[in-house]
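Undergrad: What follows is a single structure, and I will ask about it in a moment.
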Amino acid sequence: MDTSTKLSTGLQLDSAPKIVEPTVYELSAPGRVGVGFPDPDVPLADLPDSLLRAELPLPELSEADVIRHFVKLSTFNYSVDSGFYPLGSCTMKYNPKVNEDMARLPGFANVHPLQPIETTQGALVLMYQLQEWLKEISGFDALTLQPAAGAHGEFTGTLIMRAYHEDRKDTKRVKMLVPDSSHGTNPATSAMVGLKVVQIPSDERGNVDLDALRAEADDTLAGMMLTNPNTLGLFDENVEEICQIVHDAGGLMYGDGANMNAMLGITKMADLGFDVMHYNLHKTFSTPHGGGGPGSGPVGVVAKLADFLPAPIVAVVDEGHEETFYVETGDEDDHHHHEDELPPLYGLVDPSKTIGRVKAFHGHFGILVRAFTYIAMHGADGLKDVSEYAVLNANYILAKLRDTYHVPYDRICMHEFVAEGRWKDAPDVHALDIAKRLMDYGFHPPTNYFPLIVHEALMIEPTETENKNTLDSFIDAMLKIAKEAHEEPELLHEAPQNTPFGRLDEVKAAKDLILCCWLPEDYDNQ
Amino acid sequence: MNIPTTLKYTKSDEWLDPKTGKMGLTDYAQDQLSDIVFAEALVDVDDDIEIGDGISEVESVKASAEVYASASGTITAVNEDLGDTPEVINSDPYGAGWLVQVEISEESDELMDAAAYEKYCENRD
């Protein structure tokens with residue numbers, strides 16, 4: 001029996017969708033318009049034929065058609081505003097709506113980066129203060145807000161490391177070390193800046209294998225990229241020794257700040273020995289994620305790397321004056337003169353040995369406003385609470401699941417943990433089936449098949465914004481699914497059933513990259 | 001798990017046929033990767049390669065993996081069919097799923113025979 005359905009987009013589904021929403025092209029009706037204009041009271045002038053395209057396939061719809069179409073599609077989506085989203089390594093916390101209010105303030109929303117700095121002082125002060133806060137949170141001496149995302153921050157940071165060695169004429173340093181638990185972006189960014197990537201294995205406790213590290217720590221070492229807590233959700237117990245080994249060999253330590261949600265107000269990356277680190281504002285500091293982005297990946301550095309940061313950096317360019325000056329009020333009866341001080345002037349400076357610009361203007365400014373708001377709303381104590389609750393929530397789920405799901409590196413976790421989605425006595429069930437079945441219970445699945453050093457990995461990160469009821473419901477679903485896996489595995493293999501679409505064909509999705517309604521050759525024939 | 005006795009194996013789950021010089025991914029590796037959707041050779045015919053060089057890039061729905069040379073020598077053939085049908089690495093890892101062929105000048109001294117590789121795989125599970 002063939003239950004597959006061919007959609008006009010070319011997407012092939014294993015099971016028929018329960019809700020079918022046509023495309024805007026299928027909804028189109030000739031002559032339908034969104035806005036009707038009055039008849040012109042001047043003669044019409046025809047556009048030249050050379051500017052007209054008879055074959056341009058634009059849909060014709062009313063405003064209501066368009067709104068209903070996209071609102072309906074939006075209800076097929078699952079978001080952190082609609083439910084629990086324990087996607088490990090992504091820190092899918094609830095994003096407070098006050099962030100959005102602030103980003104929409106006209107003074108921030110309508111500012112242009114080419115305006116004279118005297119007219120954009122509010123925006124510059126915000127960026128300056130955010131730089132100061134982010135420096136304080138991780139103990140760094142200087143920071144750039146430019147990078148557009150985490151991996152872009154990594155690329156910026158590794159360019160800075162390379163520039164540092166080149167500046168010292170220490171050009172034999174061509175090797176970057178990454179642990180086998182690292183994010184794929186670590187080796188990718190190292191390779192992009194022209195460094196040779198060497199992988200270091202993890203030991204049986206999930207830490208970096210120190211002997212393997214020592215064996216690679218020679219005078220060709222540019223540095224090491226380390227996520228801490230690592231992607232197993234574990235704080236590397238030897239992190240200071242790791243930094244020492246790399247430093248003794250003349251290398252620099254890069255900190256991947258993907259997992260900063262476990263660290264706020266508890267320890268500082270620079271104090272542990274890291275020289276350069278990127279933040280993910282879209283993870284730790286509650287700015288929108290993924291398709292709702294854009295992201296932002298500020299990079300902090302220790303003093304010896306400050307001169308290499310991308311240009312420009314926001315700085316105080318004039319300290320201002322204490323001297324009092326008088327304002328003429330124009331009112332002869334008002335003998336009270338206003339006193340004022342000239343406030344500091346914020347502006348832009350280029351670090352002396354800068355690697356150059358890595359992003360147009362100042363990065364994603366609207367995202368910086370949201371992160372600023374989040375930090376301001378929490379304060380120092382509030383940020384520490386964030387990390388403490390994030391770690392508590394992850395350990396609560398771990399404690400409830402560890403007897404049912406095998407956890408290969410089982411010790412107190414930080415903000416997330418990694419379990420195996422497999423059982424010896426349910427050999428046909430895989431992590432993917434568990435993830436799909438969770439959707440039937442109304443949850444977004446955890447990250448699966450990452451990190452690569454855990455078989456059938458399920459990486460669970462609840463974040464601090466979830467209450468105990470939500471955590472209990474999720475734990476309940478995970479325990480039920482484990483039971484189903486042994487007693488009714490077909491429920492897992494056929495999942496999801498309660499979603500707008502059934503299980504998608506991932507092989508076809510990866511192999512047949514047809515993302516438009518018309519192939520270019522068909523388009524020319526129309 | 002299928003582990004032919006005529007081949008030699010690496011810790012990173014490549015096989016080498018010492019007679020023909022063909023290299024590929026083991027049954028264990030293809031099972032771990034699951035459905036393979038992309039395979040690309042990183043070398044061309046007549047390239048000289050060293051032990052440990054990347055010879056192919058393989059991508060599945062779960063992960064991407066670089067395949068390393070377990071012998072030094074000169075590339076004599078690259079499996080061009082994998083561009084259109086990478087899934088044969090899943091269905092026939094030791095046959096139609098071969099990746100490259102090498103005129104061997106030196107084999108890695110860390111290669112295992114079938115019995116040692118089988119034991120190595122069991123210990124990892």
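Each chain in the structure tokens gets a letter, A, B, ..., in the order shown, and its residues are numbered from 1; ligands are numbered from 1 in order too.
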Name the residues in contact with Val58 (chain B) at a cut-off of 9 Å, using only C-alpha atoms, excluding same-chain residues fewer than 3 positions from it; report them as an MDAnalysis selection string.
TA: chainID B and resid 36:41 63:67 86
Undergrad: Can you work out which residues from chain B touch chain A at a cut-off of 7 Å (counting only C-alpha atoms) and hand them back as a PyMOL selection string?
TA: chain B and resi 35+37+61-62
Undergrad: Using DSSP on the backbone coordinates, identify the residues of region 1-211 of chain A assigned to alpha helix (DSSP H); present them as an NGL selection string.
TA: :A and (24-27 or 63-75 or 98-103 or 106-109 or 121-138 or 150-167 or 185-192 or 210-211)
Undergrad: Can you list, as a PyMOL selection string, all residues belonging to region 15-193 of chain A that DSSP tags as strand (DSSP E or B)?
TA: chain A and resi 87+142-144+175-179
Undergrad: Neighbouring residues of Leu99 (chain B) were defined as those with any atom within 7 Å, considering only C-alpha atoms; residues of the same chain fewer than 5 positions away were excluded. Please report them as a ChimeraX atom specification.
TA: /B:23-24,78-79
Undergrad: Env of region 227-238 of chain A: 8 Å cut, atoms = only C-alpha atoms, seq-sep filter 2 positions within chain, self excluded. Answer as a list of chain:residue names.
TA: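 Once the nearby chain positions are removed, what remains is A:Ser89, A:Ser181, A:Ser182, A:His183, A:Gly206, A:Asn207, A:Val208, A:Met225, A:Glu240, A:Glu241, A:Ile242, A:Gly255, A:Asp256, A:Gly257, A:Ala258, A:Asn259, A:Met260, A:Ala262, A:Tyr409, A:Arg411, A:Ile412, A:Cys413, A:Met414, A:His415, A:Glu416, A:Phe417, A:Val418, A:Pro451, A:Met459.
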Undergrad: Set the distance at 9 Å and use only C-alpha atoms: which residues neighbour Gly442 (chain A) once local chain neighbours fewer than 6 positions away are removed? I'd like the list as a list in words.
TA: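 The contact residues come out as Gly83, Phe84, Asn498 and Thr499 of chain A.
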Undergrad: Could you give me, as a PyMOL selection string, the residues within 8 Å of Ser70 (chain B), counting only C-alpha atoms and dropping anything in the same chain fewer than 2 positions from it?
TA: chain B and resi 10+14-16+23+51-52+68+72+107-108+111
Undergrad: Counting only C-alpha atoms, which residue out of A:Pro106, A:Gly382, A:Gly194, A:Pro351 sits closest to Phe308 (chain A)?
TA: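 Among A:Pro106, A:Gly382, A:Gly194, A:Pro351, it is A:Pro351 that comes nearest to Phe308 (chain A).
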Undergrad: I'd like the interatomic distance between CA of Leu281 (chain A) and CA of Asn99 (chain A), to a tenth of an Å.
TA: 12.4 Å
Undergrad: In terms of the shortest atom-to-atom distance over only C-alpha atoms, which of B:Asp31, B:Lys22, B:Asp113, B:Glu87 is closest to Ile75 (chain B)?
TA: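 Result for the nearest residue to Ile75 (chain B): B:Lys22.
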Undergrad: Which one is closest to Pro59 (chain A): A:Val386, A:Val24, A:Met92, A:Val42? Count only C-alpha atoms.
TA: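 The answer is A:Val24, which sits nearest to Pro59 (chain A).
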Undergrad: Just give me the gap between CA of Ala149 (chain A) and CA of Asn280 (chain A) in Å, one decimal is fine.
TA: 6.8 Å
Undergrad: Please determine, counting only C-alpha atoms, which residue among A:Pro496, A:Pro343, A:Pro30, A:Gly421 has the shortest atom-to-atom distance to Arg437 (chain A).
TA: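 Counting only C-alpha atoms, the residue closest to Arg437 (chain A) is A:Pro496.
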